[in-house]
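One file, protein07.cif, carrying mmCIF, C-alpha atoms and all ligand atoms:
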data_model
#
loop_
_atom_site.label_atom_id
_atom_site.label_comp_id
_atom_site.auth_asym_id
_atom_site.auth_seq_id
_atom_site.Cartn_x
_atom_site.Cartn_y
_atom_site.Cartn_z
CA MET J 1263 53.62 23.97 -60.73
CA ILE J 1264 50.97 23.14 -58.14
CA PHE J 1265 52.44 22.52 -54.70
CA GLU J 1266 50.98 19.90 -52.39
CA LYS J 1267 50.90 21.14 -48.78
CA VAL J 1268 52.46 18.78 -46.24
CA ASP J 1269 53.04 19.27 -42.50
CA CYS J 1270 56.03 17.01 -42.24
CA LEU J 1271 58.05 15.84 -45.23
CA ILE J 1272 60.64 13.11 -44.70
CA ILE J 1273 63.26 12.57 -47.40
CA GLY J 1274 64.87 9.12 -47.30
CA SER J 1275 63.94 5.66 -46.07
CA GLY J 1276 66.75 4.19 -43.99
CA PRO J 1277 66.50 3.59 -40.23
CA ALA J 1278 66.55 7.37 -39.64
CA GLY J 1279 63.74 8.18 -42.08
CA TYR J 1280 61.43 5.37 -40.99
CA THR J 1281 62.00 6.09 -37.29
CA ALA J 1282 61.19 9.75 -37.92
CA ALA J 1283 58.04 8.59 -39.77
CA ILE J 1284 56.96 6.36 -36.86
CA TYR J 1285 57.36 9.17 -34.32
CA ALA J 1286 55.88 11.88 -36.56
CA ALA J 1287 52.89 9.71 -37.47
CA ARG J 1288 52.17 8.83 -33.85
CA ALA J 1289 52.35 12.54 -33.01
CA GLY J 1290 49.67 13.26 -35.62
CA LEU J 1291 51.93 15.13 -38.07
CA LYS J 1292 50.69 13.02 -41.03
CA PRO J 1293 54.21 12.60 -42.41
CA VAL J 1294 54.82 12.04 -46.09
CA LEU J 1295 58.00 10.05 -46.71
CA TYR J 1296 59.75 9.80 -50.07
CA GLN J 1297 61.85 6.67 -50.21
CA GLY J 1298 64.58 7.89 -52.56
CA PRO J 1299 66.57 5.81 -55.06
CA GLN J 1300 67.19 2.90 -52.69
CA PRO J 1301 64.06 2.17 -50.61
CA GLY J 1302 65.21 0.91 -47.22
CA GLY J 1303 68.64 2.48 -47.62
CA GLN J 1304 72.05 0.93 -47.17
CA LEU J 1305 70.86 -1.89 -44.92
CA THR J 1306 69.05 -3.43 -47.87
CA ILE J 1307 72.47 -4.27 -49.33
CA THR J 1308 73.95 -5.77 -46.21
CA THR J 1309 73.79 -9.30 -44.81
CA ASP J 1310 73.16 -10.01 -41.18
CA VAL J 1311 72.72 -7.23 -38.67
CA GLU J 1312 73.90 -8.61 -35.36
CA ASN J 1313 74.21 -5.45 -33.32
CA TYR J 1314 70.72 -3.92 -33.52
CA PRO J 1315 69.14 -4.28 -30.06
CA GLY J 1316 65.92 -6.27 -30.00
CA TYR J 1317 67.06 -8.95 -32.45
CA PRO J 1318 68.90 -11.42 -30.18
CA ASP J 1319 69.55 -13.84 -33.05
CA GLY J 1320 70.45 -11.14 -35.59
CA VAL J 1321 68.32 -10.21 -38.59
CA GLY J 1322 68.84 -9.78 -42.32
CA GLY J 1323 69.30 -6.12 -43.34
CA PRO J 1324 66.47 -6.15 -45.96
CA GLU J 1325 64.16 -7.95 -43.54
CA MET J 1326 64.85 -5.40 -40.82
CA MET J 1327 64.07 -2.53 -43.17
CA MET J 1328 60.78 -4.18 -44.15
CA ASP J 1329 59.94 -4.29 -40.44
CA PHE J 1330 60.74 -0.56 -40.13
CA GLU J 1331 58.51 0.24 -43.10
CA LYS J 1332 55.68 -1.96 -41.83
CA GLN J 1333 55.81 -0.21 -38.46
CA ALA J 1334 55.67 3.25 -40.08
CA ARG J 1335 52.72 2.18 -42.27
CA ARG J 1336 50.90 0.86 -39.21
CA PHE J 1337 50.57 4.46 -38.03
CA ASP J 1338 49.49 5.64 -41.49
CA ALA J 1339 52.72 7.32 -42.54
CA ASP J 1340 52.28 8.15 -46.23
CA ILE J 1341 55.20 6.31 -47.81
CA ARG J 1342 55.83 7.05 -51.48
CA TYR J 1343 58.29 6.13 -54.23
CA GLY J 1344 60.16 9.18 -55.49
CA LEU J 1345 63.38 11.11 -55.29
CA ALA J 1346 63.83 14.67 -54.01
CA THR J 1347 65.65 16.35 -56.90
CA SER J 1348 65.87 19.95 -55.67
CA VAL J 1349 64.90 22.16 -52.74
CA ASP J 1350 64.25 25.82 -52.06
CA PHE J 1351 64.71 26.69 -48.41
CA SER J 1352 64.96 30.44 -49.07
CA SER J 1353 61.38 31.14 -47.98
CA TYR J 1354 58.80 29.49 -45.75
CA PRO J 1355 57.07 27.03 -46.17
CA HIS J 1356 59.97 25.04 -47.61
CA LYS J 1357 59.73 23.81 -51.16
CA VAL J 1358 60.92 20.43 -52.33
CA ILE J 1359 60.67 19.09 -55.87
CA ILE J 1360 60.16 15.36 -56.34
CA ASP J 1361 61.35 13.62 -59.51
CA GLU J 1362 61.91 17.06 -61.10
CA GLN J 1363 58.16 17.52 -61.61
CA GLN J 1364 56.12 17.39 -58.45
CA GLY J 1365 56.17 20.21 -55.89
CA ILE J 1366 55.77 19.83 -52.14
CA GLU J 1367 55.34 22.77 -49.79
CA ALA J 1368 56.37 21.52 -46.37
CA SER J 1369 55.94 23.14 -42.95
CA SER J 1370 58.78 20.95 -41.71
CA VAL J 1371 61.36 18.88 -43.56
CA ILE J 1372 63.30 15.95 -42.13
CA ILE J 1373 66.36 15.00 -44.16
CA SER J 1374 67.40 11.37 -43.87
CA THR J 1375 69.06 10.87 -47.25
CA GLY J 1376 71.95 8.77 -45.90
CA ALA J 1377 75.21 8.19 -47.69
CA SER J 1378 76.36 6.31 -50.80
CA ALA J 1379 79.37 4.16 -51.59
CA LYS J 1380 82.50 5.95 -52.84
CA TRP J 1381 84.41 4.94 -55.97
CA LEU J 1382 88.15 5.12 -56.63
CA GLY J 1383 87.61 7.42 -59.62
CA LEU J 1384 89.13 5.22 -62.33
CA LYS J 1385 87.56 5.57 -65.78
CA ALA J 1386 87.45 1.79 -66.17
CA GLU J 1387 85.49 1.53 -62.92
CA GLN J 1388 82.41 3.09 -64.50
CA ARG J 1389 82.91 1.38 -67.88
CA LEU J 1390 83.00 -2.04 -66.22
CA ASN J 1391 80.36 -1.31 -63.60
CA GLY J 1392 78.02 -4.29 -63.61
CA LYS J 1393 80.53 -6.17 -65.79
CA GLY J 1394 82.76 -7.24 -62.94
CA VAL J 1395 82.88 -3.99 -60.95
CA SER J 1396 80.61 -3.53 -57.95
CA ALA J 1397 80.33 -1.65 -54.66
CA CYS J 1398 78.14 -4.26 -53.04
CA ALA J 1399 79.25 -7.82 -52.36
CA VAL J 1400 75.89 -8.84 -50.99
CA CYS J 1401 74.09 -7.66 -54.13
CA ASP J 1402 76.54 -9.06 -56.68
CA GLY J 1403 78.72 -11.67 -54.94
CA PHE J 1404 76.48 -14.49 -56.14
CA PHE J 1405 77.60 -13.88 -59.74
CA PHE J 1406 81.21 -14.61 -58.79
CA ARG J 1407 80.74 -18.04 -57.22
CA GLY J 1408 83.91 -20.13 -57.49
CA GLN J 1409 85.85 -17.24 -59.07
CA ASP J 1410 88.72 -15.01 -57.93
CA VAL J 1411 87.92 -11.45 -56.88
CA VAL J 1412 89.49 -8.29 -55.45
CA VAL J 1413 88.14 -6.15 -52.62
CA VAL J 1414 89.58 -2.63 -52.12
CA GLY J 1415 89.55 -0.98 -48.69
CA ALA J 1416 90.62 -1.57 -45.13
CA GLY J 1417 87.66 -0.53 -43.00
CA ASP J 1418 84.82 -2.60 -41.56
CA THR J 1419 82.94 -2.52 -44.86
CA ALA J 1420 85.89 -3.96 -46.78
CA ALA J 1421 86.47 -6.60 -44.10
CA GLU J 1422 82.79 -7.54 -44.15
CA GLU J 1423 82.68 -7.71 -47.95
CA ALA J 1424 85.87 -9.80 -48.09
CA SER J 1425 84.50 -12.24 -45.48
CA TYR J 1426 81.20 -12.50 -47.30
CA LEU J 1427 82.88 -13.11 -50.65
CA SER J 1428 85.30 -15.66 -49.17
CA LYS J 1429 82.32 -17.94 -48.60
CA LEU J 1430 81.33 -17.79 -52.27
CA CYS J 1431 84.54 -17.24 -54.17
CA ARG J 1432 87.65 -19.34 -54.69
CA LYS J 1433 90.03 -16.57 -53.70
CA VAL J 1434 89.68 -13.01 -52.42
CA TYR J 1435 92.51 -10.48 -52.61
CA LEU J 1436 92.06 -7.60 -50.19
CA LEU J 1437 93.96 -4.50 -51.31
CA VAL J 1438 95.05 -2.40 -48.32
CA ARG J 1439 96.83 0.83 -49.19
CA ARG J 1440 98.71 1.12 -45.89
CA ASP J 1441 100.45 -1.49 -43.73
CA GLU J 1442 97.51 -1.68 -41.35
CA MET J 1443 93.75 -1.91 -41.47
CA ARG J 1444 91.26 0.52 -40.03
CA ALA J 1445 88.65 -2.22 -39.45
CA SER J 1446 87.74 -3.32 -35.92
CA LYS J 1447 89.90 -6.06 -34.42
CA ILE J 1448 87.18 -8.70 -34.64
CA MET J 1449 86.60 -8.01 -38.34
CA GLN J 1450 90.35 -8.01 -39.03
CA LYS J 1451 90.67 -11.36 -37.31
CA ARG J 1452 87.93 -12.79 -39.53
CA VAL J 1453 89.79 -11.61 -42.62
CA LEU J 1454 93.24 -12.68 -41.50
CA THR J 1455 92.15 -16.17 -40.49
CA ALA J 1456 90.09 -16.94 -43.60
CA HIS J 1457 91.96 -19.56 -45.65
CA ASN J 1458 91.13 -17.98 -49.02
CA ILE J 1459 91.60 -14.25 -48.30
CA GLU J 1460 95.01 -12.86 -49.16
CA VAL J 1461 95.70 -9.37 -47.84
CA LEU J 1462 98.01 -7.37 -50.11
CA TRP J 1463 99.45 -4.64 -47.87
CA ASN J 1464 100.67 -1.28 -49.21
CA THR J 1465 98.89 -2.06 -52.44
CA GLU J 1466 96.87 0.29 -54.64
CA THR J 1467 94.87 -0.12 -57.81
CA VAL J 1468 96.50 1.26 -60.97
CA ASP J 1469 93.87 0.24 -63.54
CA LEU J 1470 91.38 -2.40 -64.50
CA VAL J 1471 92.02 -4.78 -67.38
CA GLY J 1472 89.29 -5.77 -69.85
CA GLU J 1473 87.09 -4.04 -72.40
CA GLU J 1474 83.69 -5.71 -72.24
CA GLU J 1475 84.23 -7.57 -68.98
CA LEU J 1476 86.72 -7.37 -66.15
CA GLU J 1477 89.69 -9.66 -66.80
CA GLY J 1478 92.19 -8.42 -64.26
CA VAL J 1479 93.33 -5.68 -61.90
CA LYS J 1480 96.68 -3.94 -62.25
CA VAL J 1481 98.07 -3.14 -58.81
CA ILE J 1482 101.18 -1.47 -57.46
CA ASN J 1483 103.02 -1.97 -54.22
CA ASN J 1484 103.54 1.62 -53.06
CA LYS J 1485 106.64 0.63 -51.04
CA THR J 1486 108.53 -1.27 -53.75
CA GLY J 1487 106.94 0.22 -56.86
CA GLN J 1488 106.37 -3.28 -58.23
CA GLU J 1489 103.35 -3.66 -60.50
CA THR J 1490 101.39 -6.90 -60.87
CA VAL J 1491 98.21 -7.95 -62.66
CA LEU J 1492 95.80 -10.00 -60.57
CA HIS J 1493 93.71 -12.23 -62.82
CA VAL J 1494 90.26 -11.79 -61.31
CA THR J 1495 86.72 -11.43 -62.64
CA GLY J 1496 85.30 -9.36 -59.80
CA PHE J 1497 86.37 -5.99 -58.35
CA PHE J 1498 84.55 -4.77 -55.24
CA VAL J 1499 85.15 -1.22 -54.04
CA ALA J 1500 84.60 -0.77 -50.29
CA ILE J 1501 86.35 2.49 -49.39
CA GLY J 1502 83.67 4.35 -47.50
CA HIS J 1503 80.72 6.55 -48.23
CA LYS J 1504 79.70 10.06 -49.29
CA PRO J 1505 76.68 11.74 -47.73
CA ASN J 1506 73.77 12.34 -50.12
CA THR J 1507 73.48 16.03 -49.44
CA ASP J 1508 74.34 17.73 -52.75
CA ILE J 1509 70.82 19.16 -53.29
CA PHE J 1510 70.96 20.95 -49.92
CA ARG J 1511 74.38 22.56 -50.48
CA ASP J 1512 73.01 26.04 -51.34
CA TYR J 1513 71.00 26.32 -48.12
CA LEU J 1514 72.38 24.14 -45.34
CA ASP J 1515 75.68 24.34 -43.48
CA LEU J 1516 77.74 21.27 -44.39
CA ASP J 1517 81.16 20.15 -43.15
CA GLU J 1518 84.12 19.64 -45.53
CA ALA J 1519 83.03 16.08 -46.31
CA GLY J 1520 79.48 17.21 -47.08
CA TYR J 1521 77.78 16.03 -43.89
CA ILE J 1522 74.95 18.31 -42.71
CA LYS J 1523 75.83 20.27 -39.57
CA THR J 1524 73.20 20.02 -36.87
CA ILE J 1525 72.91 22.15 -33.76
CA LYS J 1526 74.48 20.24 -30.86
CA GLY J 1527 72.07 18.05 -28.95
CA SER J 1528 69.35 18.39 -31.59
CA ALA J 1529 68.48 17.50 -35.18
CA ARG J 1530 68.03 21.19 -36.08
CA THR J 1531 69.96 22.65 -39.00
CA ASN J 1532 70.80 26.29 -39.72
CA ILE J 1533 67.39 26.65 -41.44
CA GLU J 1534 64.28 26.85 -39.25
CA GLY J 1535 61.96 23.92 -39.81
CA VAL J 1536 64.60 21.77 -41.53
CA PHE J 1537 65.98 18.86 -39.54
CA ALA J 1538 68.63 16.28 -40.37
CA CYS J 1539 69.20 12.76 -39.09
CA GLY J 1540 71.03 9.53 -39.90
CA ASP J 1541 74.17 9.19 -41.99
CA ALA J 1542 73.51 12.43 -43.89
CA GLN J 1543 74.66 14.24 -40.73
CA ASP J 1544 76.79 11.62 -38.96
CA ASN J 1545 80.41 11.22 -39.95
CA VAL J 1546 81.33 9.41 -36.76
CA TYR J 1547 79.01 6.60 -35.68
CA ARG J 1548 77.12 5.73 -38.89
CA GLN J 1549 75.22 2.84 -37.33
CA ALA J 1550 71.61 1.78 -37.85
CA ILE J 1551 70.90 2.31 -34.17
CA THR J 1552 72.36 5.82 -34.08
CA ALA J 1553 70.54 6.67 -37.31
CA ALA J 1554 67.27 5.50 -35.77
CA GLY J 1555 68.01 7.51 -32.62
CA THR J 1556 68.59 10.71 -34.55
CA GLY J 1557 65.47 10.00 -36.64
CA CYS J 1558 63.51 10.03 -33.40
CA MET J 1559 65.19 13.32 -32.41
CA ALA J 1560 64.31 14.89 -35.76
CA ALA J 1561 60.63 13.97 -35.45
CA LEU J 1562 60.44 15.27 -31.88
CA ASP J 1563 62.18 18.50 -32.92
CA ALA J 1564 59.81 18.89 -35.88
CA GLU J 1565 56.80 18.29 -33.65
CA ARG J 1566 58.01 20.92 -31.19
CA PHE J 1567 58.76 23.38 -33.99
CA LEU J 1568 55.29 22.98 -35.52
CA ALA J 1569 53.58 23.28 -32.13
CA GLU J 1570 55.50 26.48 -31.28
CA LYS J 1571 54.72 27.89 -34.71
CA ALA J 1572 51.01 27.16 -34.30
CA VAL J 1573 50.97 28.95 -30.92
CA TYR J 1574 52.83 31.93 -32.40
CA GLU J 1575 50.43 32.16 -35.35
CA GLU J 1576 47.41 31.94 -33.05
CA GLU J 1577 48.79 34.73 -30.85
CA THR J 1578 49.66 37.04 -33.73
CA GLU J 1579 46.23 36.51 -35.32
CA VAL J 1580 44.43 37.70 -32.17
P1 LIG S 1601 85.90 3.76 -43.46
O1 LIG S 1601 85.93 5.20 -43.74
O2 LIG S 1601 85.96 3.27 -42.05
O3 LIG S 1601 87.10 3.05 -44.21
C1 LIG S 1601 87.40 3.31 -45.55
C2 LIG S 1601 88.62 2.50 -45.90
O4 LIG S 1601 88.87 2.64 -47.30
C3 LIG S 1601 89.87 2.97 -45.16
O5 LIG S 1601 90.57 1.86 -44.67
C4 LIG S 1601 90.65 3.70 -46.24
O6 LIG S 1601 92.03 3.54 -46.12
C5 LIG S 1601 90.22 3.00 -47.49
N1 LIG S 1601 90.30 3.89 -48.65
C6 LIG S 1601 89.74 5.12 -48.80
N2 LIG S 1601 90.02 5.63 -50.02
C7 LIG S 1601 90.79 4.71 -50.62
C8 LIG S 1601 91.40 4.65 -51.89
N3 LIG S 1601 91.27 5.64 -52.77
N4 LIG S 1601 92.11 3.55 -52.20
C9 LIG S 1601 92.24 2.53 -51.31
N5 LIG S 1601 91.68 2.52 -50.10
C10 LIG S 1601 90.96 3.60 -49.76
O7 LIG S 1601 84.59 3.21 -44.22
P2 LIG S 1601 83.76 1.89 -44.00
O8 LIG S 1601 82.72 1.95 -45.05
O9 LIG S 1601 84.60 0.69 -43.95
O10 LIG S 1601 83.06 2.06 -42.58
C11 LIG S 1601 82.29 3.20 -42.28
C12 LIG S 1601 81.71 3.11 -40.86
O11 LIG S 1601 80.73 2.07 -40.81
C13 LIG S 1601 82.75 2.77 -39.82
O12 LIG S 1601 82.45 3.47 -38.66
C14 LIG S 1601 82.58 1.29 -39.62
O13 LIG S 1601 83.00 0.86 -38.35
C15 LIG S 1601 81.08 1.12 -39.81
N6 LIG S 1601 80.74 -0.24 -40.27
C16 LIG S 1601 80.39 -1.16 -39.35
C17 LIG S 1601 80.06 -2.44 -39.72
C18 LIG S 1601 79.66 -3.42 -38.66
O14 LIG S 1601 79.76 -3.11 -37.49
N7 LIG S 1601 79.20 -4.61 -39.01
C19 LIG S 1601 80.09 -2.89 -41.13
C20 LIG S 1601 80.50 -1.83 -42.03
C21 LIG S 1601 80.81 -0.57 -41.60
P3 LIG S 1601 92.89 4.22 -44.95
O15 LIG S 1601 92.62 3.38 -43.73
O16 LIG S 1601 94.27 4.10 -45.45
O17 LIG S 1601 92.39 5.63 -44.83
#
Show me this structure written as C-alpha cells.
Ligand code: NDP
Amino acid sequence: MIFEKVDCLIIGSGPAGYTAAIYAARAGLKPVLYQGPQPGGQLTITTDVENYPGYPDGVGGPEMMMDFEKQARRFDADIRYGLATSVDFSSYPHKVIIDEQQGIEASSVIISTGASAKWLGLKAEQRLNGKGVSACAVCDGFFFRGQDVVVVGAGDTAAEEASYLSKLCRKVYLLVRRDEMRASKIMQKRVLTAHNIEVLWNTETVDLVGEEELEGVKVINNKTGQETVLHVTGFFVAIGHKPNTDIFRDYLDLDEAGYIKTIKGSARTNIEGVFACGDAQDNVYRQAITAAGTGCMAALDAERFLAEKAVYEEETEV
C-alpha cells in the first residue's frame, strides 16, 4: 500500500473536527479532514441549536454544520469523504487506513470521531430498524405524522425527541425506567406540559411487536410487574451515546465507557502526536461549544508538537 504523507490528519467532522481544521489550516498545517460516516456529525440530526453563542436567534443544526465546513474550506482545509477503518500508532509517523484501502502517514492525528446513539439491544430493534424503529426523531419523525409513537429514555435527548414528535404525532408515550427523569428542568417541563405526551414512569421495553413493520411495543411496569402492549407505529430510542473509539482501543488509553483519556488541560493522548477532542473524549459536557473548544485545543497542541519536532530534527541533523 502506498501511504500519502500528511502533516495533520483530522478524523471526524463535527464541531470539534471542523474547529480543529480551521485552526490547523490557519496555522499552515495543511490539514486533511476525513468526514466519517455522518458528515457534520450529530448536529446534522438535531433541530434548532439555541445555545451556541453567536447565533442570537438560534440556528438549525445542519445549517450550523454547513457554516463550520464552509469556514474550514475558506482556509483551504482539505475536506474529504471517507471513513478511518483502522490505525497503527505503534511507530511514527502514525498510520491510518481510510475505507480499508487507502493509507495515510500522518505527522499528527486529531481524533474527533464523536459518539453514536445507543440501542436497547433487543433483536427486534435491528429487524425493525427503518420499519418503525429509529434513533433520530428529526430524521424520521416526518414519517409518523398523525400517528402514535414511543420514545425511550429520560435524558435531554429523550425529552427533546418527545417534544419534537409531539408536534407531528397524535400521541407520544415516553418510557422512563425510573420514577424521575435525568433531563434538565426546562426540558422536563416541556414534556410534562405537552398535551399529547404521556410519561409512563417505571416502565421498560420488553419487546417489539410486528414482523415486517412495527405494530406495537410490549412494556412492563417494573414496580407492579404489569405488562401492556402500546399500539404504536414508531419507536424512538434516545438513551444516550457511545463514543466512536473502537479502532483506537489497541493504542489509546480509554475510560470504562470507551472515551479517550486526554492529559489534563490539553488534547494530548498517551501517544505522542495523537490528539483527541469533542465527544470522543468528553463524557461530561458533550456540547457543540465544548466540542469546538477542544477542537481548537487539539489543533494548537498539534501545531506546538509539530513545531517542537521540527526544531528537534533540525538540531539533531546539525
Ligand atoms: P443521558 O446519558 O443524559 O441520558 C440517557 C437516558 O437514557 C437516562 O435517563 C437513562 O436512564 C436512559 N437509559 C439508558 N439506558 C436505558 C435503557 N436500557 N432503558 C431505558 N432507559 C435507558 O443521554 P442524553 O443523550 O439524553 O444526553 C447526553 C448529554 O447531552 C447530556 O449532557 C445532555 O444534557 C446533553 N443534551 C443536551 C441537549 C440540549 O441542551 N438541547 C439536547 C440533548 C442532549 P437513567 O436516568 O435511569 O439512567
Practice item. Go ahead and compute the interatomic distance for atom CA of Tyr1354 of chain J and atom CA of Gly1303 of chain J, in Å to one decimal. Key: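 Here the two named atoms are 28.8 Å from each other.
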Using only C-alpha atoms and all ligand atoms, find each residue of chain J with at least one atom at most 9 Å away from an atom of ligand LIG 1601 (chain S); report its shortest atom-to-atom pair and that distance in Å (one decimal), sort the rows by chain and rising residue number, and return the result as JSON lines.
{"residue": "J:Thr1308", "atom": "CA", "partner": "S:LIG1601", "partner_atom": "C19", "distance": 8.5}
{"residue": "J:Asp1310", "atom": "CA", "partner": "S:LIG1601", "partner_atom": "N7", "distance": 8.4}
{"residue": "J:Val1311", "atom": "CA", "partner": "S:LIG1601", "partner_atom": "N7", "distance": 7.0}
{"residue": "J:Glu1312", "atom": "CA", "partner": "S:LIG1601", "partner_atom": "N7", "distance": 7.6}
{"residue": "J:Asn1313", "atom": "CA", "partner": "S:LIG1601", "partner_atom": "O14", "distance": 7.3}
{"residue": "J:Ala1379", "atom": "CA", "partner": "S:LIG1601", "partner_atom": "O8", "distance": 7.7}
{"residue": "J:Lys1380", "atom": "CA", "partner": "S:LIG1601", "partner_atom": "N2", "distance": 8.0}
{"residue": "J:Trp1381", "atom": "CA", "partner": "S:LIG1601", "partner_atom": "N3", "distance": 7.6}
{"residue": "J:Leu1382", "atom": "CA", "partner": "S:LIG1601", "partner_atom": "N3", "distance": 5.0}
{"residue": "J:Gly1383", "atom": "CA", "partner": "S:LIG1601", "partner_atom": "N3", "distance": 8.0}
{"residue": "J:Val1414", "atom": "CA", "partner": "S:LIG1601", "partner_atom": "C9", "distance": 5.9}
{"residue": "J:Gly1415", "atom": "CA", "partner": "S:LIG1601", "partner_atom": "O4", "distance": 3.9}
{"residue": "J:Ala1416", "atom": "CA", "partner": "S:LIG1601", "partner_atom": "O5", "distance": 3.5}
{"residue": "J:Gly1417", "atom": "CA", "partner": "S:LIG1601", "partner_atom": "O9", "distance": 3.4}
{"residue": "J:Asp1418", "atom": "CA", "partner": "S:LIG1601", "partner_atom": "O9", "distance": 4.1}
{"residue": "J:Thr1419", "atom": "CA", "partner": "S:LIG1601", "partner_atom": "O9", "distance": 3.7}
{"residue": "J:Ala1420", "atom": "CA", "partner": "S:LIG1601", "partner_atom": "O9", "distance": 5.6}
{"residue": "J:Ala1421", "atom": "CA", "partner": "S:LIG1601", "partner_atom": "O9", "distance": 7.5}
{"residue": "J:Glu1422", "atom": "CA", "partner": "S:LIG1601", "partner_atom": "C19", "distance": 6.2}
{"residue": "J:Glu1423", "atom": "CA", "partner": "S:LIG1601", "partner_atom": "C20", "distance": 8.6}
{"residue": "J:Leu1437", "atom": "CA", "partner": "S:LIG1601", "partner_atom": "C9", "distance": 7.2}
{"residue": "J:Val1438", "atom": "CA", "partner": "S:LIG1601", "partner_atom": "N5", "distance": 6.2}
{"residue": "J:Arg1439", "atom": "CA", "partner": "S:LIG1601", "partner_atom": "C9", "distance": 5.3}
{"residue": "J:Arg1440", "atom": "CA", "partner": "S:LIG1601", "partner_atom": "O16", "distance": 5.4}
{"residue": "J:Asp1441", "atom": "CA", "partner": "S:LIG1601", "partner_atom": "O16", "distance": 8.5}
{"residue": "J:Glu1442", "atom": "CA", "partner": "S:LIG1601", "partner_atom": "O15", "distance": 7.4}
{"residue": "J:Met1443", "atom": "CA", "partner": "S:LIG1601", "partner_atom": "O15", "distance": 5.9}
{"residue": "J:Arg1444", "atom": "CA", "partner": "S:LIG1601", "partner_atom": "O15", "distance": 4.9}
{"residue": "J:Ala1445", "atom": "CA", "partner": "S:LIG1601", "partner_atom": "O13", "distance": 6.5}
{"residue": "J:Ser1446", "atom": "CA", "partner": "S:LIG1601", "partner_atom": "O13", "distance": 6.8}
{"residue": "J:Met1449", "atom": "CA", "partner": "S:LIG1601", "partner_atom": "N7", "distance": 8.2}
{"residue": "J:Thr1465", "atom": "CA", "partner": "S:LIG1601", "partner_atom": "C9", "distance": 8.2}
{"residue": "J:Glu1466", "atom": "CA", "partner": "S:LIG1601", "partner_atom": "C9", "distance": 6.1}
{"residue": "J:Thr1467", "atom": "CA", "partner": "S:LIG1601", "partner_atom": "N4", "distance": 7.2}
{"residue": "J:Val1499", "atom": "CA", "partner": "S:LIG1601", "partner_atom": "C9", "distance": 8.5}
{"residue": "J:Ala1500", "atom": "CA", "partner": "S:LIG1601", "partner_atom": "O8", "distance": 6.2}
{"residue": "J:Ile1501", "atom": "CA", "partner": "S:LIG1601", "partner_atom": "O4", "distance": 3.3}
{"residue": "J:Gly1502", "atom": "CA", "partner": "S:LIG1601", "partner_atom": "O8", "distance": 3.6}
{"residue": "J:His1503", "atom": "CA", "partner": "S:LIG1601", "partner_atom": "O8", "distance": 5.9}
{"residue": "J:Asn1545", "atom": "CA", "partner": "S:LIG1601", "partner_atom": "O12", "distance": 8.1}
{"residue": "J:Val1546", "atom": "CA", "partner": "S:LIG1601", "partner_atom": "O12", "distance": 6.3}
{"residue": "J:Tyr1547", "atom": "CA", "partner": "S:LIG1601", "partner_atom": "O12", "distance": 5.5}
{"residue": "J:Arg1548", "atom": "CA", "partner": "S:LIG1601", "partner_atom": "O11", "distance": 5.5}
{"residue": "J:Gln1549", "atom": "CA", "partner": "S:LIG1601", "partner_atom": "O11", "distance": 6.6}
Keeping only C-alpha atoms, take the residues you just selected and write them out as a compact mmCIF listing (two decimals), keeping the file's coordinate frame.
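Full text of selection.txt as output:
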# COMPACT_ATOMS: atom_id res chain seq x y z
CA THR J 1308 73.95 -5.77 -46.21
CA ASP J 1310 73.16 -10.01 -41.18
CA VAL J 1311 72.72 -7.23 -38.67
CA GLU J 1312 73.90 -8.61 -35.36
CA ASN J 1313 74.21 -5.45 -33.32
CA ALA J 1379 79.37 4.16 -51.59
CA LYS J 1380 82.50 5.95 -52.84
CA TRP J 1381 84.41 4.94 -55.97
CA LEU J 1382 88.15 5.12 -56.63
CA GLY J 1383 87.61 7.42 -59.62
CA VAL J 1414 89.58 -2.63 -52.12
CA GLY J 1415 89.55 -0.98 -48.69
CA ALA J 1416 90.62 -1.57 -45.13
CA GLY J 1417 87.66 -0.53 -43.00
CA ASP J 1418 84.82 -2.60 -41.56
CA THR J 1419 82.94 -2.52 -44.86
CA ALA J 1420 85.89 -3.96 -46.78
CA ALA J 1421 86.47 -6.60 -44.10
CA GLU J 1422 82.79 -7.54 -44.15
CA GLU J 1423 82.68 -7.71 -47.95
CA LEU J 1437 93.96 -4.50 -51.31
CA VAL J 1438 95.05 -2.40 -48.32
CA ARG J 1439 96.83 0.83 -49.19
CA ARG J 1440 98.71 1.12 -45.89
CA ASP J 1441 100.45 -1.49 -43.73
CA GLU J 1442 97.51 -1.68 -41.35
CA MET J 1443 93.75 -1.91 -41.47
CA ARG J 1444 91.26 0.52 -40.03
CA ALA J 1445 88.65 -2.22 -39.45
CA SER J 1446 87.74 -3.32 -35.92
CA MET J 1449 86.60 -8.01 -38.34
CA THR J 1465 98.89 -2.06 -52.44
CA GLU J 1466 96.87 0.29 -54.64
CA THR J 1467 94.87 -0.12 -57.81
CA VAL J 1499 85.15 -1.22 -54.04
CA ALA J 1500 84.60 -0.77 -50.29
CA ILE J 1501 86.35 2.49 -49.39
CA GLY J 1502 83.67 4.35 -47.50
CA HIS J 1503 80.72 6.55 -48.23
CA ASN J 1545 80.41 11.22 -39.95
CA VAL J 1546 81.33 9.41 -36.76
CA TYR J 1547 79.01 6.60 -35.68
CA ARG J 1548 77.12 5.73 -38.89
CA GLN J 1549 75.22 2.84 -37.33
Review point. Taking into account only C-alpha atoms, which residue in the set J:Gly1520, J:Gly1403, J:Thr1375, J:Phe1265 is nearest to Ala1553 of chain J?
Key: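 Closest candidate: J:Thr1375.
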May I have the centre and edge lengths, in Å to one decimal, of an axis-aligned box around the listed atoms of segment 1371-1374 of chain J with 5 Å added to every side, as JSON?
{"center_x": 64.4, "center_y": 15.1, "center_z": -43.1, "size_x": 16.0, "size_y": 17.5, "size_z": 12.0}
Review point. Can you tell me, as a VMD selection string, what residues are no more than 6 Å from segment 1485-1498 of chain J when counting all atoms listed in the file, ignoring any on the same chain fewer than 4 positions away?
Key: chain J and resid 1394 to 1397 1410 to 1413 1476 to 1481
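Counting only C-alpha atoms and comparing J:Asp1508, J:Glu1565, J:Asp1340, J:Glu1460, the residue that lies closest to Val1434 of chain J is J:Glu1460.
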Check your understanding: Between J:Phe1337, J:Arg1511, J:Gln1450, J:Val1400, which has the minimum distance to Thr1306 of chain J (counting only C-alpha atoms)?
Key -> J:Val1400
